[in-house]
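Shown next: input.pdb, given as PDB, C-alpha atoms and all ligand atoms.
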```pdb
MODEL        1
ATOM      1  CA  MET U 572     114.598  -0.660  28.024
ATOM      2  CA  ILE U 573     111.145  -0.596  26.465
ATOM      3  CA  LEU U 574     111.165   1.361  23.218
ATOM      4  CA  GLU U 575     108.336   3.265  21.570
ATOM      5  CA  VAL U 576     106.865   1.375  18.609
ATOM      6  CA  LEU U 577     105.974   3.645  15.707
ATOM      7  CA  THR U 578     102.574   3.134  14.156
ATOM      8  CA  HIS U 579     101.212   3.628  10.650
ATOM      9  CA  PRO U 580     101.025   6.257   9.079
ATOM     10  CA  ASP U 581     104.408   7.327  10.550
ATOM     11  CA  PRO U 582     106.590   8.179   7.506
ATOM     12  CA  LEU U 583     109.650   6.534   9.119
ATOM     13  CA  LEU U 584     107.956   3.166   8.568
ATOM     14  CA  LYS U 585     108.011   3.776   4.810
ATOM     15  CA  GLN U 586     111.793   4.228   4.548
ATOM     16  CA  LYS U 587     114.255   1.667   3.281
ATOM     17  CA  SER U 588     116.760   0.695   5.975
ATOM     18  CA  GLU U 589     120.555   0.705   5.687
ATOM     19  CA  ALA U 590     122.777  -2.373   5.928
ATOM     20  CA  ILE U 591     124.699  -2.803   9.189
ATOM     21  CA  THR U 592     128.453  -2.684   8.578
ATOM     22  CA  GLU U 593     129.675  -3.180  12.137
ATOM     23  CA  ILE U 594     128.133  -4.648  15.295
ATOM     24  CA  THR U 595     128.638  -1.837  17.784
ATOM     25  CA  PRO U 596     127.674  -1.933  21.486
ATOM     26  CA  GLU U 597     124.759   0.346  20.528
ATOM     27  CA  ILE U 598     123.446  -2.286  18.124
ATOM     28  CA  ARG U 599     123.694  -5.011  20.783
ATOM     29  CA  THR U 600     121.767  -2.807  23.208
ATOM     30  CA  LEU U 601     119.209  -2.005  20.537
ATOM     31  CA  ALA U 602     118.676  -5.724  19.797
ATOM     32  CA  ALA U 603     118.177  -6.475  23.522
ATOM     33  CA  ASP U 604     115.760  -3.547  23.861
ATOM     34  CA  MET U 605     113.857  -4.668  20.766
ATOM     35  CA  ILE U 606     113.401  -8.155  22.238
ATOM     36  CA  GLU U 607     112.160  -6.670  25.520
ATOM     37  CA  THR U 608     109.808  -4.359  23.628
ATOM     38  CA  MET U 609     108.506  -7.206  21.447
ATOM     39  CA  TYR U 610     107.628  -9.272  24.554
ATOM     40  CA  LYS U 611     106.036  -6.320  26.291
ATOM     41  CA  GLN U 612     103.871  -5.578  23.233
ATOM     42  CA  GLN U 613     102.877  -9.267  22.892
ATOM     43  CA  GLY U 614     104.579  -9.662  19.511
ATOM     44  CA  ILE U 615     106.574 -12.509  17.949
ATOM     45  CA  GLY U 616     108.720 -10.279  15.735
ATOM     46  CA  LEU U 617     110.013  -6.726  15.542
ATOM     47  CA  ALA U 618     112.129  -4.849  13.011
ATOM     48  CA  ALA U 619     114.454  -1.926  13.838
ATOM     49  CA  PRO U 620     112.539   0.629  11.701
ATOM     50  CA  GLN U 621     109.491   0.033  13.911
ATOM     51  CA  VAL U 622     111.414   1.631  16.786
ATOM     52  CA  GLY U 623     112.704   4.454  14.596
ATOM     53  CA  LYS U 624     116.087   2.923  13.662
ATOM     54  CA  GLN U 625     116.522   2.617   9.898
ATOM     55  CA  ILE U 626     118.968  -0.301   9.978
ATOM     56  CA  ARG U 627     118.628  -3.903   8.808
ATOM     57  CA  LEU U 628     118.054  -5.669  12.118
ATOM     58  CA  ILE U 629     115.150  -7.906  13.124
ATOM     59  CA  VAL U 630     114.273  -9.933  16.203
ATOM     60  CA  ILE U 631     111.915 -12.910  16.359
ATOM     61  CA  ASP U 632     110.681 -15.242  19.091
ATOM     62  CA  LEU U 633     108.116 -17.738  17.864
ATOM     63  CA  SER U 634     107.662 -19.193  21.352
ATOM     64  CA  GLY U 635     105.833 -15.961  22.161
ATOM     65  CA  PRO U 636     105.813 -13.327  24.910
ATOM     66  CA  GLU U 637     104.791 -15.824  27.617
ATOM     67  CA  LEU U 638     107.510 -18.446  27.110
ATOM     68  CA  LYS U 639     110.321 -16.177  25.794
ATOM     69  CA  GLU U 640     112.306 -19.312  24.946
ATOM     70  CA  GLU U 641     113.742 -18.664  21.492
ATOM     71  CA  PRO U 642     114.800 -15.039  21.022
ATOM     72  CA  GLN U 643     116.631 -14.761  17.694
ATOM     73  CA  VAL U 644     118.437 -11.762  16.231
ATOM     74  CA  PHE U 645     119.149 -11.476  12.519
ATOM     75  CA  VAL U 646     121.507  -8.850  11.097
ATOM     76  CA  ASN U 647     121.225  -7.896   7.406
ATOM     77  CA  PRO U 648     118.743 -10.685   6.627
ATOM     78  CA  THR U 649     117.999 -11.588   3.018
ATOM     79  CA  LEU U 650     115.327 -14.025   1.891
ATOM     80  CA  GLU U 651     114.885 -16.272  -1.063
ATOM     81  CA  LEU U 652     111.210 -17.084  -1.401
ATOM     82  CA  ILE U 653     110.613 -20.777  -2.015
ATOM     83  CA  GLY U 654     107.773 -23.176  -1.364
ATOM     84  CA  GLU U 655     104.125 -22.690  -2.129
ATOM     85  CA  LYS U 656     102.025 -19.625  -1.630
ATOM     86  CA  GLN U 657      99.609 -19.872   1.250
ATOM     87  CA  LYS U 658      97.135 -17.662   3.038
ATOM     88  CA  ALA U 659      97.684 -16.774   6.668
ATOM     89  CA  GLU U 660      96.417 -14.176   9.091
ATOM     90  CA  GLU U 661      98.852 -11.433  10.060
ATOM     91  CA  GLY U 662      99.000  -8.552  12.442
ATOM     92  CA  CYS U 663     101.663  -5.950  13.174
ATOM     93  CA  LEU U 664     102.632  -3.911  16.242
ATOM     94  CA  SER U 665     102.817  -0.879  13.916
ATOM     95  CA  VAL U 666      99.234  -1.469  12.738
ATOM     96  CA  PRO U 667      97.425  -1.762  16.093
ATOM     97  CA  ASP U 668      94.124  -3.588  16.587
ATOM     98  CA  TYR U 669      94.004  -4.983  13.081
ATOM     99  CA  ARG U 670      94.548  -8.403  11.513
ATOM    100  CA  ASN U 671      93.891  -9.739   8.052
ATOM    101  CA  THR U 672      94.791 -12.615   5.774
ATOM    102  CA  LEU U 673      97.620 -12.297   3.310
ATOM    103  CA  VAL U 674      99.304 -14.562   0.766
ATOM    104  CA  ARG U 675     102.919 -15.438   1.593
ATOM    105  CA  HIS U 676     105.395 -18.154   0.653
ATOM    106  CA  ASP U 677     105.350 -21.067   3.099
ATOM    107  CA  LYS U 678     109.118 -21.572   2.869
ATOM    108  CA  VAL U 679     112.057 -19.173   2.673
ATOM    109  CA  LEU U 680     115.798 -19.482   2.594
ATOM    110  CA  LEU U 681     117.282 -17.029   5.094
ATOM    111  CA  LYS U 682     120.793 -15.644   4.955
ATOM    112  CA  ALA U 683     121.912 -13.313   7.729
ATOM    113  CA  THR U 684     124.504 -12.939  10.463
ATOM    114  CA  ASP U 685     124.081 -12.941  14.225
ATOM    115  CA  LEU U 686     125.421 -10.375  16.698
ATOM    116  CA  ASP U 687     128.797 -12.185  16.769
ATOM    117  CA  ASN U 688     129.148 -11.985  13.006
ATOM    118  CA  ASN U 689     128.483 -15.703  12.585
ATOM    119  CA  LYS U 690     126.888 -16.576   9.267
ATOM    120  CA  ILE U 691     123.355 -17.906   9.431
ATOM    121  CA  GLU U 692     121.845 -19.853   6.590
ATOM    122  CA  LEU U 693     118.644 -21.742   7.163
ATOM    123  CA  GLU U 694     115.410 -22.865   5.614
ATOM    124  CA  ALA U 695     112.342 -21.655   7.470
ATOM    125  CA  SER U 696     108.784 -22.834   6.999
ATOM    126  CA  ASP U 697     105.235 -22.041   8.092
ATOM    127  CA  LEU U 698     104.942 -19.392  10.851
ATOM    128  CA  PHE U 699     108.717 -18.811  10.933
ATOM    129  CA  ALA U 700     108.757 -18.214   7.153
ATOM    130  CA  ILE U 701     105.796 -15.840   7.338
ATOM    131  CA  CYS U 702     107.295 -13.927  10.238
ATOM    132  CA  LEU U 703     110.616 -13.531   8.392
ATOM    133  CA  GLN U 704     108.848 -12.218   5.284
ATOM    134  CA  HIS U 705     106.852  -9.773   7.421
ATOM    135  CA  GLU U 706     109.889  -8.467   9.347
ATOM    136  CA  CYS U 707     112.151  -8.235   6.272
ATOM    137  CA  ASP U 708     109.425  -6.236   4.519
ATOM    138  CA  HIS U 709     109.731  -3.641   7.301
ATOM    139  CA  LEU U 710     113.396  -3.174   6.321
ATOM    140  CA  ASP U 711     112.215  -2.156   2.855
ATOM    141  CA  GLY U 712     109.536   0.174   4.194
ATOM    142  CA  ILE U 713     106.683  -2.233   3.428
ATOM    143  CA  LEU U 714     103.838  -2.957   5.859
ATOM    144  CA  PHE U 715     101.578  -6.001   5.569
ATOM    145  CA  ILE U 716      98.653  -3.677   4.769
ATOM    146  CA  ASP U 717     100.640  -2.591   1.680
ATOM    147  CA  ARG U 718     100.416  -6.174   0.417
ATOM    148  CA  MET U 719      96.662  -6.584   0.900
ATOM    149  CA  SER U 720      94.223  -6.466  -2.008
ATOM    150  CA  ARG U 721      93.104  -3.008  -3.066
ATOM    151  CA  LEU U 722      89.632  -3.614  -1.663
ATOM    152  CA  LYS U 723      90.859  -4.734   1.755
ATOM    153  CA  ARG U 724      93.281  -1.812   1.845
ATOM    154  CA  SER U 725      90.636   0.762   1.055
ATOM    155  CA  LEU U 726      88.432  -0.652   3.809
ATOM    156  CA  TYR U 727      91.358  -0.437   6.208
ATOM    157  CA  ASP U 728      92.179   3.149   5.161
ATOM    158  CA  ALA U 729      88.568   4.227   5.720
ATOM    159  CA  ARG U 730      88.609   2.618   9.157
ATOM    160  CA  LEU U 731      91.878   4.315  10.109
ATOM    161  CA  LYS U 732      90.640   7.696   8.904
ATOM    162  CA  LYS U 733      87.584   7.357  11.125
ATOM    163  CA  GLN U 734      89.723   6.268  14.062
ATOM    164  CA  LEU U 735      92.186   9.188  13.703
ATOM    165  CA  LYS U 736      89.288  11.613  13.449
ATOM    166  CA  ALA U 737      87.727  10.203  16.629
ATOM    167  CA  GLU U 738      91.067  10.500  18.461
ATOM    168  CA  LYS U 739      91.379  14.127  17.428
ATOM    169  CA  GLN U 740      87.951  14.913  18.831
ATOM    170  CA  GLN U 741      88.742  13.427  22.226
TER     171      GLN U 741
HETATM  172 ZN    ZN Z 801     105.154  -5.659  11.546
ENDMDL
END
```
Would you put the structure from the file into structure tokens?
Amino acid sequence: MILEVLTHPDPLLKQKSEAITEITPEIRTLAADMIETMYKQQGIGLAAPQVGKQIRLIVIDLSGPELKEEPQVFVNPTLELIGEKQKAEEGCLSVPDYRNTLVRHDKVLLKATDLDNNKIELEASDLFAICLQHECDHLDGILFIDRMSRLKRSLYDARLKKQLKAEKQQ
């Protein structure tokens, strides 16, 4: 089932999500729906709070919405930031029609479990590392625009204000 993706400034996106204590059938269904929604919206990652569920669950497929080859589900992910800092361009399904460059670590150490409670521990680099940092931020109520420089953020805010005003007038 395709889920509705919340967009900034929805206050639900600013909340910190709860740890998952048990993999219920509802959580399995949610993960499957999140993957479907991510593909439909042309994304490579999606976090549960973006569909209004404040739990620590993320899905990622770096092969993209065309290939759909590597869907991955991470439950209660935690990251250790390693590697160098690097600049990369990011976008977010909750911040439509906007991309900008951000500084992130180029390597992370991920600890999580999968939907069968198997432990996952892996080192991710480059796009995978950036995507994990972006999705895990969602679990703490942080959007990539919250990590931009103050100048970039104020330009974005002004743009959004204009956009919301124009929508209201329609
Ligand atoms: Zn996002």
Hey, which bits of chain U sit within 10 Å of ligand ZN 801 (chain Z), and for each residue what's the closest pair of atoms and how far apart in Å (one decimal), counting only C-alpha atoms and all ligand atoms, rows by chain and increasing number, as JSON lines?
```
{"residue": "U:Thr578", "atom": "CA", "partner": "Z:ZN801", "partner_atom": "ZN", "distance": 9.5}
{"residue": "U:Leu584", "atom": "CA", "partner": "Z:ZN801", "partner_atom": "ZN", "distance": 9.7}
{"residue": "U:Gly614", "atom": "CA", "partner": "Z:ZN801", "partner_atom": "ZN", "distance": 8.9}
{"residue": "U:Ile615", "atom": "CA", "partner": "Z:ZN801", "partner_atom": "ZN", "distance": 9.5}
{"residue": "U:Gly616", "atom": "CA", "partner": "Z:ZN801", "partner_atom": "ZN", "distance": 7.2}
{"residue": "U:Leu617", "atom": "CA", "partner": "Z:ZN801", "partner_atom": "ZN", "distance": 6.4}
{"residue": "U:Ala618", "atom": "CA", "partner": "Z:ZN801", "partner_atom": "ZN", "distance": 7.2}
{"residue": "U:Pro620", "atom": "CA", "partner": "Z:ZN801", "partner_atom": "ZN", "distance": 9.7}
{"residue": "U:Gln621", "atom": "CA", "partner": "Z:ZN801", "partner_atom": "ZN", "distance": 7.5}
{"residue": "U:Glu661", "atom": "CA", "partner": "Z:ZN801", "partner_atom": "ZN", "distance": 8.7}
{"residue": "U:Gly662", "atom": "CA", "partner": "Z:ZN801", "partner_atom": "ZN", "distance": 6.9}
{"residue": "U:Cys663", "atom": "CA", "partner": "Z:ZN801", "partner_atom": "ZN", "distance": 3.9}
{"residue": "U:Leu664", "atom": "CA", "partner": "Z:ZN801", "partner_atom": "ZN", "distance": 5.6}
{"residue": "U:Ser665", "atom": "CA", "partner": "Z:ZN801", "partner_atom": "ZN", "distance": 5.8}
{"residue": "U:Val666", "atom": "CA", "partner": "Z:ZN801", "partner_atom": "ZN", "distance": 7.4}
{"residue": "U:Pro667", "atom": "CA", "partner": "Z:ZN801", "partner_atom": "ZN", "distance": 9.8}
{"residue": "U:Cys702", "atom": "CA", "partner": "Z:ZN801", "partner_atom": "ZN", "distance": 8.6}
{"residue": "U:Gln704", "atom": "CA", "partner": "Z:ZN801", "partner_atom": "ZN", "distance": 9.8}
{"residue": "U:His705", "atom": "CA", "partner": "Z:ZN801", "partner_atom": "ZN", "distance": 6.1}
{"residue": "U:Glu706", "atom": "CA", "partner": "Z:ZN801", "partner_atom": "ZN", "distance": 5.9}
{"residue": "U:Cys707", "atom": "CA", "partner": "Z:ZN801", "partner_atom": "ZN", "distance": 9.1}
{"residue": "U:Asp708", "atom": "CA", "partner": "Z:ZN801", "partner_atom": "ZN", "distance": 8.2}
{"residue": "U:His709", "atom": "CA", "partner": "Z:ZN801", "partner_atom": "ZN", "distance": 6.6}
{"residue": "U:Ile713", "atom": "CA", "partner": "Z:ZN801", "partner_atom": "ZN", "distance": 8.9}
{"residue": "U:Leu714", "atom": "CA", "partner": "Z:ZN801", "partner_atom": "ZN", "distance": 6.4}
{"residue": "U:Phe715", "atom": "CA", "partner": "Z:ZN801", "partner_atom": "ZN", "distance": 7.0}
{"residue": "U:Ile716", "atom": "CA", "partner": "Z:ZN801", "partner_atom": "ZN", "distance": 9.6}
```
>> Selection in question (the file shown): the PyMOL selection byres (((chain U and resi 656) around 12) and not hetatm). Which residues does it include, as an MDAnalysis selection string?
In response: chainID U and resid 652:655 657:659 673:679 696:697 700:701
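Our summary of the geometry notes that CA of Glu692 (chain U) is positioned 7.3 Å from CA of Leu680 (chain U).
For the pair CA of Leu638 (chain U) and CA of Phe699 (chain U), the separation is 16.2 Å.
For the residues U:Leu722, U:Thr649, U:Asp668, U:Gln740, ranking by smallest atom-to-atom distance to His579 (chain U) using only C-alpha atoms places U:Asp668 first.
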>> Env of Tyr610 (chain U): 9 Å cut, atoms = only C-alpha atoms, seq-sep filter 5 positions within chain, self excluded. Answer as a PyMOL selection string.
In response: chain U and resi 605+615-616+632+635-637+639
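With distances taken over all atoms listed in the file, U:Lys624 is the one residue among U:Arg599, U:Lys624, U:Lys739, U:Arg730 lying closest to Gly712 (chain U).
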>> Can you pull out the residues contacting Asn689 (chain U)? Cut-off 12 Å, using all atoms listed in the file, and skip same-chain residues under 3 positions away; I want them as a PyMOL selection string.
In response: chain U and resi 594+644-647+682-686+692
I need the chosen residues saved as a CSV table (one decimal), in the coordinates of the input, with C-alpha atoms.
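And here's again-v1.csv as it stands now:
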```csv
chain,number,residue,atom,x,y,z
U,594,ILE,CA,128.1,-4.6,15.3
U,644,VAL,CA,118.4,-11.8,16.2
U,645,PHE,CA,119.1,-11.5,12.5
U,646,VAL,CA,121.5,-8.8,11.1
U,647,ASN,CA,121.2,-7.9,7.4
U,682,LYS,CA,120.8,-15.6,5.0
U,683,ALA,CA,121.9,-13.3,7.7
U,684,THR,CA,124.5,-12.9,10.5
U,685,ASP,CA,124.1,-12.9,14.2
U,686,LEU,CA,125.4,-10.4,16.7
U,692,GLU,CA,121.8,-19.9,6.6
```
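The coordinates place CA of Leu583 (chain U) at 22.2 Å from CA of Lys733 (chain U).
For the set U:Ala603, U:Val622, U:Ala737, U:Leu731, the residue with the smallest atom-to-atom gap to Pro580 (chain U) is U:Leu731, counting only C-alpha atoms.
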Listed atoms of region 639-649 of chain U boxed axis-aligned with 3 Å per side, centre + edges as AutoDock Vina command-line options:
```
--center_x 115.9 --center_y -13.6 --center_z 14.4 --size_x 17.2 --size_y 17.4 --size_z 28.8
```
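Comparing the minimum interatomic distances between Gln612 (chain U) and each of U:Glu593, U:Glu575, U:Glu660, U:Glu640, counting only C-alpha atoms, we find that U:Glu575 sits nearest.
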> Which of these, U:Ile591, U:Ile626, U:Val576, U:Ile606, has the shortest distance to Asp711 (chain U) once you count only C-alpha atoms?
Replying inline: U:Ile626
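Across U:Lys587, U:Lys732, U:Gly623, U:Asn671, the tightest approach to Leu601 (chain U) is made by U:Gly623 when counting all atoms listed in the file.
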